[in-house]
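Q: Mind having a look at this structure? Questions to follow.
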Amino acid sequence: MPLATQGYAAMSATTPLVPYPFSRRDVRPTDVHIDILYCGVCHSDLHQARDEWGGSMYPMVPGHEIVGRVVQVGAAVTRFRAGDLAAVGVMVDSCRTCPHCQMGLQQYCFEGMTGTYNAYERDGKTLAQGGYSTAIVTDERYVLRVSDKLDPAAAAPLLCAGITTYSPLRHTNVGPGMRVGIIGLGGLGHMGLKFAAAFGAEVTLISSSKNKEADARRLGAHHFIHSGNSAQMQKFRGYFNVLLNTVSANHDYDPYLQLLGLNGTLIIVGLPSRAPEVRPFSLLSNRRSILGSMIGGIPETQEMLDFCAERGIVSDVEVIPIQQINEAYERMLQGDVRYRFVIDLASLKQG
Ligand code: NAP
Ligand code: ZN
Ligand code: ZN
């Protein structure tokens with residue numbers, strides 16, 4: 001029996017999200033049926049709901065930071081049982097056979113990963129729907145385990161904000177003796193800050209907001225730069241080994257590139273709609289490079305969740321009922337969130 005599900009969907013790029021009942025597929029032999037407890041609100045949800053990247057498909061139930069309880073598993077499922085805490089992140093499938101899938105880098109699947117929403121499933125015709133909903137049915141290969149040690153609401157953002165910052169910081173071997181700058185203190189930025197500090201690096205938070213210094217220091221920053229203050233930016237010229245750019249709004253890379261020292265790397269994870277201009281001279285000086293990174297593969301996402309359980313790392317969250325989602329989008333645009341909204345799906349299950 002297809003599973004009756006309640007959700008909130010964007011019906012177009014220009015209208016607010018509205019209640020949207022729909023059905024999840026029957027549980028197949030390798031599927032896990034999860035009752036969703038919490039879903040984080042990522043800036044990518046807003047970008048896609050409003051079609052800021054182009055090609056958005058409606059109706060769209062956003063949400064890819066999903067934590068819930070397993071209710072039922074298919075006959076062939078081996079890793080999950082009813083009652084387990086489980087999670088789904090930014091992808092729900094991929095081809096499973098290409099070299100990148102085989103390496104556990106499913107986000108870079110040759111055929112393209114299947115996003116949790118705003119994507120067609122592998123059948124090429126069913127629209128995948130995300131976590132602003134009461135339940136999800138996902139193949140167990142793309143379901144993660146979450147330790148009961150973690151608060152499930154605060155753990156939800158790990159599934160995107162967490163892995164998206166953990167993965168490139170690991171890839172660039174961030175650790176003791178390295179000077180790392182995190183650009184933007186939002187959902188991704190505050191997780192990047194926690195991870196870089198946990199990995200033992202010297203961390204600086206670079207913000208366009210003057211008033212985030214105290215929070216940045218509380219979250220582990222050793223230094224704080226207000227990017228609008230040219231004297232502060234000047235002082236840190238050539239200083240960093242790695243910069244992690246999480247900015248969601250259109251901006252230029254050049255002022256940040258100037259902050260990199262020899263062989264320094266600017267990691268791009270923020271996805272504004274406009275392509276930035278980059279001056280070749282800013283790259284040639286100090287032999288700098290720009291590196292892009294997309295979420296993380298399934299094995300690394302599990303590694304990150306286990307690392308967080310061991311170290312007690314979670315997101316700083318403001319839990320909201322789903323009825324406040326449109327207001328939450330506006331507040332996210334104004335930078336008025338400390339530091340991730342998380343939807344409590346109980347608000348959609350009552351009556
Ligand atoms: P968010 O919570 O809204 O944070 C974005 C931060 O950007 C803000 O908190 C703000 O920090 C900074 N910012 C905003 N406007 C700015 C401006 N004009 N100039 C400089 N800084 C500005 O968003 P998020 O959920 O962390 O997502 C950040 C970006 O990453 C989004 O574009 C999202 O789509 C993308 N993303 C990418 C991946 C991936 O796989 N690569 C995964 C998830 C999300 P300050 O106030 O401190 O300046
Ligand atoms: Zn996301
Ligand atoms: Zn593949």
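In the structure tokens, chains take letters A, B, ... by order of appearance, with residues numbered from 1 within each chain and ligands from 1 in the order shown.
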Report as CSV: every residue of region 250-350 of chain A with an atom at most 10 Å from region 63-77 of chain A, its closest pair of atoms, and their distance in Å to one decimal, counting only C-alpha atoms, with rows sorted by chain and ascending residue number.

A:
```
residue,atom,partner,partner_atom,distance
A:Val342,CA,A:Glu65,CA,8.7
A:Ile343,CA,A:Gly63,CA,9.5
A:Leu345,CA,A:Gly68,CA,9.6
```

Q: Let me see the file: selected residues, N, CA, C and O atoms, as a short mmCIF file (atom, residue, chain, number, x, y, z; two decimals), in the first residue's frame.

A:
```
data_model
loop_
_atom_site.label_atom_id
_atom_site.label_comp_id
_atom_site.auth_asym_id
_atom_site.auth_seq_id
_atom_site.Cartn_x
_atom_site.Cartn_y
_atom_site.Cartn_z
N VAL A 342 15.36 24.03 12.36
CA VAL A 342 15.03 22.61 12.21
C VAL A 342 13.53 22.47 12.43
O VAL A 342 12.98 22.96 13.43
N ILE A 343 12.87 21.81 11.50
CA ILE A 343 11.42 21.61 11.60
C ILE A 343 11.13 20.40 12.48
O ILE A 343 11.70 19.32 12.26
N LEU A 345 8.61 17.73 12.98
CA LEU A 345 7.52 17.20 12.15
C LEU A 345 6.30 16.79 12.96
O LEU A 345 5.24 16.49 12.38
#
```

Q: Show me a table, sorted first by chain and then by increasing residue number, of the residues of chain A having an atom at most 6 Å from ligand 1, each with its shortest atom pair and the distance in Å to one decimal, counting only C-alpha atoms and all ligand atoms and written as CSV.

A:
```
residue,atom,partner,partner_atom_place_in_ligand_line,distance
A:Cys42,CA,ligand 1,25 (O),4.1
A:His43,CA,ligand 1,25 (O),3.7
A:Ser44,CA,ligand 1,34 (O),3.6
A:Cys160,CA,ligand 1,43 (C),5.6
A:Ala161,CA,ligand 1,43 (C),5.7
A:Thr164,CA,ligand 1,40 (O),5.2
A:Gly184,CA,ligand 1,11 (O),3.5
A:Leu185,CA,ligand 1,47 (O),3.6
A:Gly186,CA,ligand 1,9 (O),3.3
A:Gly187,CA,ligand 1,26 (O),3.7
A:Leu188,CA,ligand 1,26 (O),3.7
A:Gly189,CA,ligand 1,26 (O),5.8
A:Ser207,CA,ligand 1,47 (O),3.7
A:Ser208,CA,ligand 1,48 (O),3.5
A:Ser209,CA,ligand 1,46 (O),4.4
A:Thr246,CA,ligand 1,28 (C),4.8
A:Val247,CA,ligand 1,7 (O),3.6
A:Ser248,CA,ligand 1,32 (O),3.4
A:Ala249,CA,ligand 1,15 (N),4.6
A:His251,CA,ligand 1,19 (N),5.9
A:Val269,CA,ligand 1,41 (N),3.7
A:Gly270,CA,ligand 1,30 (O),3.3
A:Leu271,CA,ligand 1,32 (O),3.7
A:Pro272,CA,ligand 1,32 (O),5.1
A:Ser293,CA,ligand 1,41 (N),5.3
A:Met294,CA,ligand 1,40 (O),3.4
A:Ile295,CA,ligand 1,40 (O),3.8
A:Met332,CA,ligand 1,3 (O),5.2
A:Gly335,CA,ligand 1,9 (O),5.1
```

Q: Deliver the residues from the most recent selection as a file, using N, CA, C and O atoms, as a short mmCIF file (atom, residue, chain, number, x, y, z; two decimals), in the first residue's frame.

A:
```cif
data_model
loop_
_atom_site.label_atom_id
_atom_site.label_comp_id
_atom_site.auth_asym_id
_atom_site.auth_seq_id
_atom_site.Cartn_x
_atom_site.Cartn_y
_atom_site.Cartn_z
N CYS A 42 17.93 24.04 4.98
CA CYS A 42 19.19 24.42 4.34
C CYS A 42 18.93 25.57 3.37
O CYS A 42 17.85 25.65 2.78
N HIS A 43 19.93 26.42 3.16
CA HIS A 43 19.75 27.50 2.19
C HIS A 43 19.51 26.94 0.78
O HIS A 43 18.87 27.57 -0.05
N SER A 44 20.00 25.73 0.52
CA SER A 44 19.74 25.09 -0.78
C SER A 44 18.24 24.83 -0.98
O SER A 44 17.76 24.81 -2.11
N CYS A 160 23.51 17.66 5.98
CA CYS A 160 23.99 18.47 4.84
C CYS A 160 25.03 19.48 5.31
O CYS A 160 26.18 19.41 4.91
N ALA A 161 24.65 20.38 6.21
CA ALA A 161 25.63 21.39 6.68
C ALA A 161 26.86 20.69 7.26
O ALA A 161 27.99 21.15 7.06
N THR A 164 28.91 18.62 4.35
CA THR A 164 29.42 19.54 3.32
C THR A 164 30.65 20.30 3.80
O THR A 164 31.50 20.70 2.99
N GLY A 184 31.58 33.18 6.40
CA GLY A 184 30.14 33.14 6.58
C GLY A 184 29.77 32.31 7.79
O GLY A 184 30.13 31.13 7.88
N LEU A 185 29.07 32.95 8.74
CA LEU A 185 28.62 32.20 9.92
C LEU A 185 27.13 31.95 9.80
O LEU A 185 26.30 32.66 10.37
N GLY A 186 26.78 30.94 9.00
CA GLY A 186 25.39 30.50 8.87
C GLY A 186 25.35 29.03 9.21
O GLY A 186 26.16 28.54 10.01
N GLY A 187 24.42 28.30 8.57
CA GLY A 187 24.27 26.87 8.84
C GLY A 187 25.55 26.10 8.54
O GLY A 187 26.06 25.36 9.40
N LEU A 188 26.07 26.26 7.33
CA LEU A 188 27.31 25.55 6.97
C LEU A 188 28.49 26.11 7.76
O LEU A 188 29.32 25.36 8.29
N GLY A 189 28.57 27.44 7.82
CA GLY A 189 29.72 28.10 8.45
C GLY A 189 29.92 27.67 9.90
O GLY A 189 31.06 27.40 10.31
N SER A 207 33.27 37.19 8.61
CA SER A 207 31.83 37.42 8.52
C SER A 207 31.53 38.78 7.92
O SER A 207 32.27 39.74 8.11
N SER A 208 30.40 38.85 7.21
CA SER A 208 29.95 40.16 6.73
C SER A 208 29.13 40.87 7.82
O SER A 208 28.73 42.01 7.64
N SER A 209 28.88 40.15 8.92
CA SER A 209 28.12 40.73 10.03
C SER A 209 29.06 41.08 11.17
O SER A 209 29.78 40.21 11.67
N THR A 246 31.36 29.63 2.53
CA THR A 246 29.99 29.12 2.65
C THR A 246 28.95 30.18 2.28
O THR A 246 27.76 30.01 2.58
N VAL A 247 29.37 31.27 1.65
CA VAL A 247 28.46 32.40 1.40
C VAL A 247 27.38 32.03 0.38
O VAL A 247 27.68 31.50 -0.69
N SER A 248 26.13 32.35 0.72
CA SER A 248 24.99 31.99 -0.13
C SER A 248 24.61 33.10 -1.11
O SER A 248 23.93 32.86 -2.09
N ALA A 249 25.05 34.34 -0.83
CA ALA A 249 24.67 35.49 -1.66
C ALA A 249 25.75 35.76 -2.70
O ALA A 249 26.91 35.37 -2.52
N HIS A 251 28.71 37.32 -4.58
CA HIS A 251 29.86 38.06 -4.04
C HIS A 251 31.08 37.76 -4.89
O HIS A 251 31.09 36.82 -5.68
N VAL A 269 31.94 26.03 -1.23
CA VAL A 269 30.75 25.20 -1.01
C VAL A 269 29.46 26.02 -1.16
O VAL A 269 28.42 25.46 -1.49
N GLY A 270 29.53 27.32 -0.93
CA GLY A 270 28.36 28.19 -1.12
C GLY A 270 28.00 28.28 -2.60
O GLY A 270 28.88 28.25 -3.45
N LEU A 271 26.71 28.36 -2.87
CA LEU A 271 26.25 28.28 -4.26
C LEU A 271 25.34 29.44 -4.67
O LEU A 271 24.17 29.24 -4.99
N PRO A 272 25.87 30.66 -4.70
CA PRO A 272 25.06 31.78 -5.17
C PRO A 272 24.69 31.61 -6.65
O PRO A 272 25.33 30.82 -7.36
N SER A 293 33.50 21.63 -3.73
CA SER A 293 33.19 20.36 -3.06
C SER A 293 31.69 20.26 -2.84
O SER A 293 31.04 21.24 -2.47
N MET A 294 31.16 19.07 -3.13
CA MET A 294 29.72 18.84 -2.99
C MET A 294 29.47 17.78 -1.91
O MET A 294 30.03 16.68 -1.99
N ILE A 295 28.69 18.12 -0.95
CA ILE A 295 28.35 17.25 0.20
C ILE A 295 29.48 16.25 0.51
O ILE A 295 30.63 16.64 0.65
N MET A 332 16.08 33.51 7.32
CA MET A 332 17.37 32.98 6.87
C MET A 332 18.03 33.98 5.90
O MET A 332 19.24 34.23 5.97
N GLY A 335 19.74 36.64 7.64
CA GLY A 335 20.80 36.21 8.54
C GLY A 335 20.32 36.10 9.98
O GLY A 335 21.11 36.09 10.92
#
```

Q: So which bits of region 139-199 of chain A end up helix (DSSP H, G or I) when you DSSP the backbone, as a PyMOL selection string?

A: chain A and resi 140-142+152-159+161-171+187-198

Q: Which residue, A:Gly264, A:Pro176, A:Gly112, A:Pro152, has the smallest gap to Ser94 (chain A) when you use only C-alpha atoms?

A: A:Gly112

Q: List the spatial neighbours of Ala87 (chain A) as a PyMOL selection string - criterion: any atom at most 10 Å away, only C-alpha atoms, same-chain residues fewer than 3 positions off excluded.

A: chain A and resi 34+36-39+64-70+84+136+138+142-146+152+155-156+158-159+302+305

Q: I'd like to know which residues of region 141-189 of chain A are strand (DSSP E or B) (by DSSP, run on the backbone); could you write them as an mmCIF file with C-alpha atoms, in the first residue's frame?

A:
```cif
data_model
loop_
_atom_site.group_PDB
_atom_site.id
_atom_site.type_symbol
_atom_site.label_atom_id
_atom_site.label_comp_id
_atom_site.auth_asym_id
_atom_site.auth_seq_id
_atom_site.Cartn_x
_atom_site.Cartn_y
_atom_site.Cartn_z
ATOM 1 C CA LEU A 144 22.675 6.575 7.671
ATOM 2 C CA ARG A 145 22.834 5.442 11.285
ATOM 3 C CA ARG A 179 45.475 28.348 9.626
ATOM 4 C CA VAL A 180 41.901 27.951 8.465
ATOM 5 C CA GLY A 181 39.338 30.652 7.733
ATOM 6 C CA ILE A 182 35.606 29.988 7.568
ATOM 7 C CA ILE A 183 33.734 32.552 5.452
#
```

Q: Can you tell me which residues surround Asp139 (chain A) at a distance of at most 12 Å, considering only C-alpha atoms, apart from same-chain residues fewer than 6 positions away, and format the answer as a list in words?

A: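 The neighbour list is Arg25, Asp26, Val27, Arg28, Pro29, Thr30, Asp31, Val32, His33, Ile34, Val73, Gly74, Ala76, Val77, Thr78, Arg79, Phe80, Ala87, Val88, Met91, Val92, Asp93, Ser94, Arg96, Thr114, Thr116, Glu121 and Arg122 of chain A.
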
Q: Under the rule that only C-alpha atoms and all ligand atoms are counted, which of A:His47, A:His100, A:Arg24, A:His171 is the nearest residue to ligand 2?

A: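 Smallest separation from ligand 2 among the options: A:His47.
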
Q: Enumerate, in order of chain and increasing residue number, the residues of chain A with an atom no farther than 12 Å from ligand 3, each with its shortest atom pair and distance in Å to one decimal, counting only C-alpha atoms and all ligand atoms, as a Markdown table.

A:
```
| residue | atom | partner | partner_atom_place_in_ligand_line | distance |
| --- | --- | --- | --- | --- |
| A:Asp93 | CA | ligand 3 | 1 (Zn) | 9.0 |
| A:Ser94 | CA | ligand 3 | 1 (Zn) | 5.3 |
| A:Cys95 | CA | ligand 3 | 1 (Zn) | 4.0 |
| A:Arg96 | CA | ligand 3 | 1 (Zn) | 4.9 |
| A:Thr97 | CA | ligand 3 | 1 (Zn) | 5.3 |
| A:Cys98 | CA | ligand 3 | 1 (Zn) | 4.1 |
| A:Pro99 | CA | ligand 3 | 1 (Zn) | 6.7 |
| A:His100 | CA | ligand 3 | 1 (Zn) | 5.8 |
| A:Cys101 | CA | ligand 3 | 1 (Zn) | 4.3 |
| A:Gln102 | CA | ligand 3 | 1 (Zn) | 7.4 |
| A:Met103 | CA | ligand 3 | 1 (Zn) | 9.4 |
| A:Gly104 | CA | ligand 3 | 1 (Zn) | 9.2 |
| A:Leu105 | CA | ligand 3 | 1 (Zn) | 8.3 |
| A:Gln106 | CA | ligand 3 | 1 (Zn) | 6.0 |
| A:Gln107 | CA | ligand 3 | 1 (Zn) | 8.3 |
| A:Tyr108 | CA | ligand 3 | 1 (Zn) | 7.2 |
| A:Cys109 | CA | ligand 3 | 1 (Zn) | 3.6 |
| A:Phe110 | CA | ligand 3 | 1 (Zn) | 5.0 |
| A:Glu111 | CA | ligand 3 | 1 (Zn) | 5.7 |
| A:Gly112 | CA | ligand 3 | 1 (Zn) | 6.8 |
| A:Met113 | CA | ligand 3 | 1 (Zn) | 7.1 |
| A:Thr114 | CA | ligand 3 | 1 (Zn) | 9.9 |
| A:Arg122 | CA | ligand 3 | 1 (Zn) | 11.4 |
| A:Gly297 | CA | ligand 3 | 1 (Zn) | 11.2 |
```

Q: Which residues come within 12 Å of Pro255 (chain A), counting only C-alpha atoms, excluding same-chain residues fewer than 3 positions away, as a list in words?

A: Ile183, Ile206, Ser227, Gly228, Asn229, Ser230, Gln232, Met233, Gln234, Phe236, Arg237, Gly238, Leu243, Asn245, His251, Asp252, Gln258, Leu259, Leu260, Leu266, Pro276, Glu277, Val278, Arg279, Ser282 and Leu283 of chain A

Q: Please produce an output containing N, CA and C atoms for each residue in the selection, written as a PDB file, in the first residue's frame.

A:
```pdb
ATOM      1  N   ILE A 183      34.398  31.331   5.925  1.00  0.00           N
ATOM      2  CA  ILE A 183      33.734  32.552   5.452  1.00  0.00           C
ATOM      3  C   ILE A 183      32.226  32.372   5.540  1.00  0.00           C
ATOM      4  N   ILE A 206      35.325  34.609   9.259  1.00  0.00           N
ATOM      5  CA  ILE A 206      35.278  35.829   8.455  1.00  0.00           C
ATOM      6  C   ILE A 206      33.819  36.091   8.105  1.00  0.00           C
ATOM      7  N   SER A 227      34.440  41.265   7.326  1.00  0.00           N
ATOM      8  CA  SER A 227      34.912  41.440   5.943  1.00  0.00           C
ATOM      9  C   SER A 227      34.672  42.855   5.412  1.00  0.00           C
ATOM     10  N   GLY A 228      33.772  43.588   6.059  1.00  0.00           N
ATOM     11  CA  GLY A 228      33.535  44.977   5.642  1.00  0.00           C
ATOM     12  C   GLY A 228      34.583  45.937   6.181  1.00  0.00           C
ATOM     13  N   ASN A 229      35.480  45.458   7.023  1.00  0.00           N
ATOM     14  CA  ASN A 229      36.503  46.313   7.636  1.00  0.00           C
ATOM     15  C   ASN A 229      37.831  46.102   6.898  1.00  0.00           C
ATOM     16  N   SER A 230      38.207  47.062   6.046  1.00  0.00           N
ATOM     17  CA  SER A 230      39.361  46.836   5.167  1.00  0.00           C
ATOM     18  C   SER A 230      40.668  46.732   5.958  1.00  0.00           C
ATOM     19  N   GLN A 232      41.050  45.277   8.861  1.00  0.00           N
ATOM     20  CA  GLN A 232      41.127  43.893   9.354  1.00  0.00           C
ATOM     21  C   GLN A 232      41.467  42.928   8.224  1.00  0.00           C
ATOM     22  N   MET A 233      40.873  43.164   7.057  1.00  0.00           N
ATOM     23  CA  MET A 233      41.148  42.282   5.906  1.00  0.00           C
ATOM     24  C   MET A 233      42.629  42.422   5.516  1.00  0.00           C
ATOM     25  N   GLN A 234      43.124  43.633   5.532  1.00  0.00           N
ATOM     26  CA  GLN A 234      44.518  43.920   5.162  1.00  0.00           C
ATOM     27  C   GLN A 234      45.488  43.200   6.117  1.00  0.00           C
ATOM     28  N   PHE A 236      45.204  40.456   7.564  1.00  0.00           N
ATOM     29  CA  PHE A 236      45.287  38.999   7.362  1.00  0.00           C
ATOM     30  C   PHE A 236      45.661  38.615   5.922  1.00  0.00           C
ATOM     31  N   ARG A 237      46.193  39.550   5.146  1.00  0.00           N
ATOM     32  CA  ARG A 237      46.622  39.223   3.772  1.00  0.00           C
ATOM     33  C   ARG A 237      47.665  38.117   3.794  1.00  0.00           C
ATOM     34  N   GLY A 238      47.487  37.121   2.935  1.00  0.00           N
ATOM     35  CA  GLY A 238      48.480  36.049   2.824  1.00  0.00           C
ATOM     36  C   GLY A 238      48.584  35.131   4.035  1.00  0.00           C
ATOM     37  N   LEU A 243      40.730  28.354   3.112  1.00  0.00           N
ATOM     38  CA  LEU A 243      39.524  29.130   3.397  1.00  0.00           C
ATOM     39  C   LEU A 243      38.325  28.322   2.920  1.00  0.00           C
ATOM     40  N   ASN A 245      34.544  28.731   1.911  1.00  0.00           N
ATOM     41  CA  ASN A 245      33.592  29.782   1.555  1.00  0.00           C
ATOM     42  C   ASN A 245      32.167  29.225   1.533  1.00  0.00           C
ATOM     43  N   HIS A 251      28.714  37.315  -4.582  1.00  0.00           N
ATOM     44  CA  HIS A 251      29.857  38.065  -4.044  1.00  0.00           C
ATOM     45  C   HIS A 251      31.084  37.762  -4.885  1.00  0.00           C
ATOM     46  N   ASP A 252      32.144  38.567  -4.719  1.00  0.00           N
ATOM     47  CA  ASP A 252      33.385  38.342  -5.450  1.00  0.00           C
ATOM     48  C   ASP A 252      34.350  37.498  -4.621  1.00  0.00           C
ATOM     49  N   GLN A 258      42.901  37.090  -1.609  1.00  0.00           N
ATOM     50  CA  GLN A 258      44.053  37.869  -1.102  1.00  0.00           C
ATOM     51  C   GLN A 258      44.499  37.395   0.273  1.00  0.00           C
ATOM     52  N   LEU A 259      43.612  36.718   0.982  1.00  0.00           N
ATOM     53  CA  LEU A 259      43.945  36.290   2.350  1.00  0.00           C
ATOM     54  C   LEU A 259      44.755  34.993   2.373  1.00  0.00           C
ATOM     55  N   LEU A 260      44.905  34.337   1.199  1.00  0.00           N
ATOM     56  CA  LEU A 260      45.605  33.041   1.159  1.00  0.00           C
ATOM     57  C   LEU A 260      47.110  33.208   1.010  1.00  0.00           C
ATOM     58  N   LEU A 266      41.174  28.060  -1.678  1.00  0.00           N
ATOM     59  CA  LEU A 266      39.845  28.589  -1.380  1.00  0.00           C
ATOM     60  C   LEU A 266      38.840  27.500  -1.747  1.00  0.00           C
ATOM     61  N   PRO A 276      30.944  34.158 -10.145  1.00  0.00           N
ATOM     62  CA  PRO A 276      31.811  35.261  -9.715  1.00  0.00           C
ATOM     63  C   PRO A 276      32.936  35.497 -10.712  1.00  0.00           C
ATOM     64  N   GLU A 277      33.451  36.710 -10.717  1.00  0.00           N
ATOM     65  CA  GLU A 277      34.614  37.016 -11.543  1.00  0.00           C
ATOM     66  C   GLU A 277      35.853  36.703 -10.707  1.00  0.00           C
ATOM     67  N   VAL A 278      36.852  36.078 -11.306  1.00  0.00           N
ATOM     68  CA  VAL A 278      38.100  35.806 -10.589  1.00  0.00           C
ATOM     69  C   VAL A 278      39.253  36.370 -11.406  1.00  0.00           C
ATOM     70  N   ARG A 279      40.096  37.190 -10.794  1.00  0.00           N
ATOM     71  CA  ARG A 279      41.247  37.738 -11.511  1.00  0.00           C
ATOM     72  C   ARG A 279      42.372  36.710 -11.500  1.00  0.00           C
ATOM     73  N   SER A 282      45.108  37.027  -8.998  1.00  0.00           N
ATOM     74  CA  SER A 282      44.842  36.634  -7.601  1.00  0.00           C
ATOM     75  C   SER A 282      45.157  35.167  -7.379  1.00  0.00           C
ATOM     76  N   LEU A 283      45.127  34.369  -8.451  1.00  0.00           N
ATOM     77  CA  LEU A 283      45.470  32.951  -8.331  1.00  0.00           C
ATOM     78  C   LEU A 283      46.973  32.730  -8.472  1.00  0.00           C
TER      79      LEU A 283
END
```

Q: Between A:Gln6, A:Thr204, A:Thr172, A:Gln129, which has the minimum distance to Gly115 (chain A) (counting only C-alpha atoms)?

A: A:Gln129
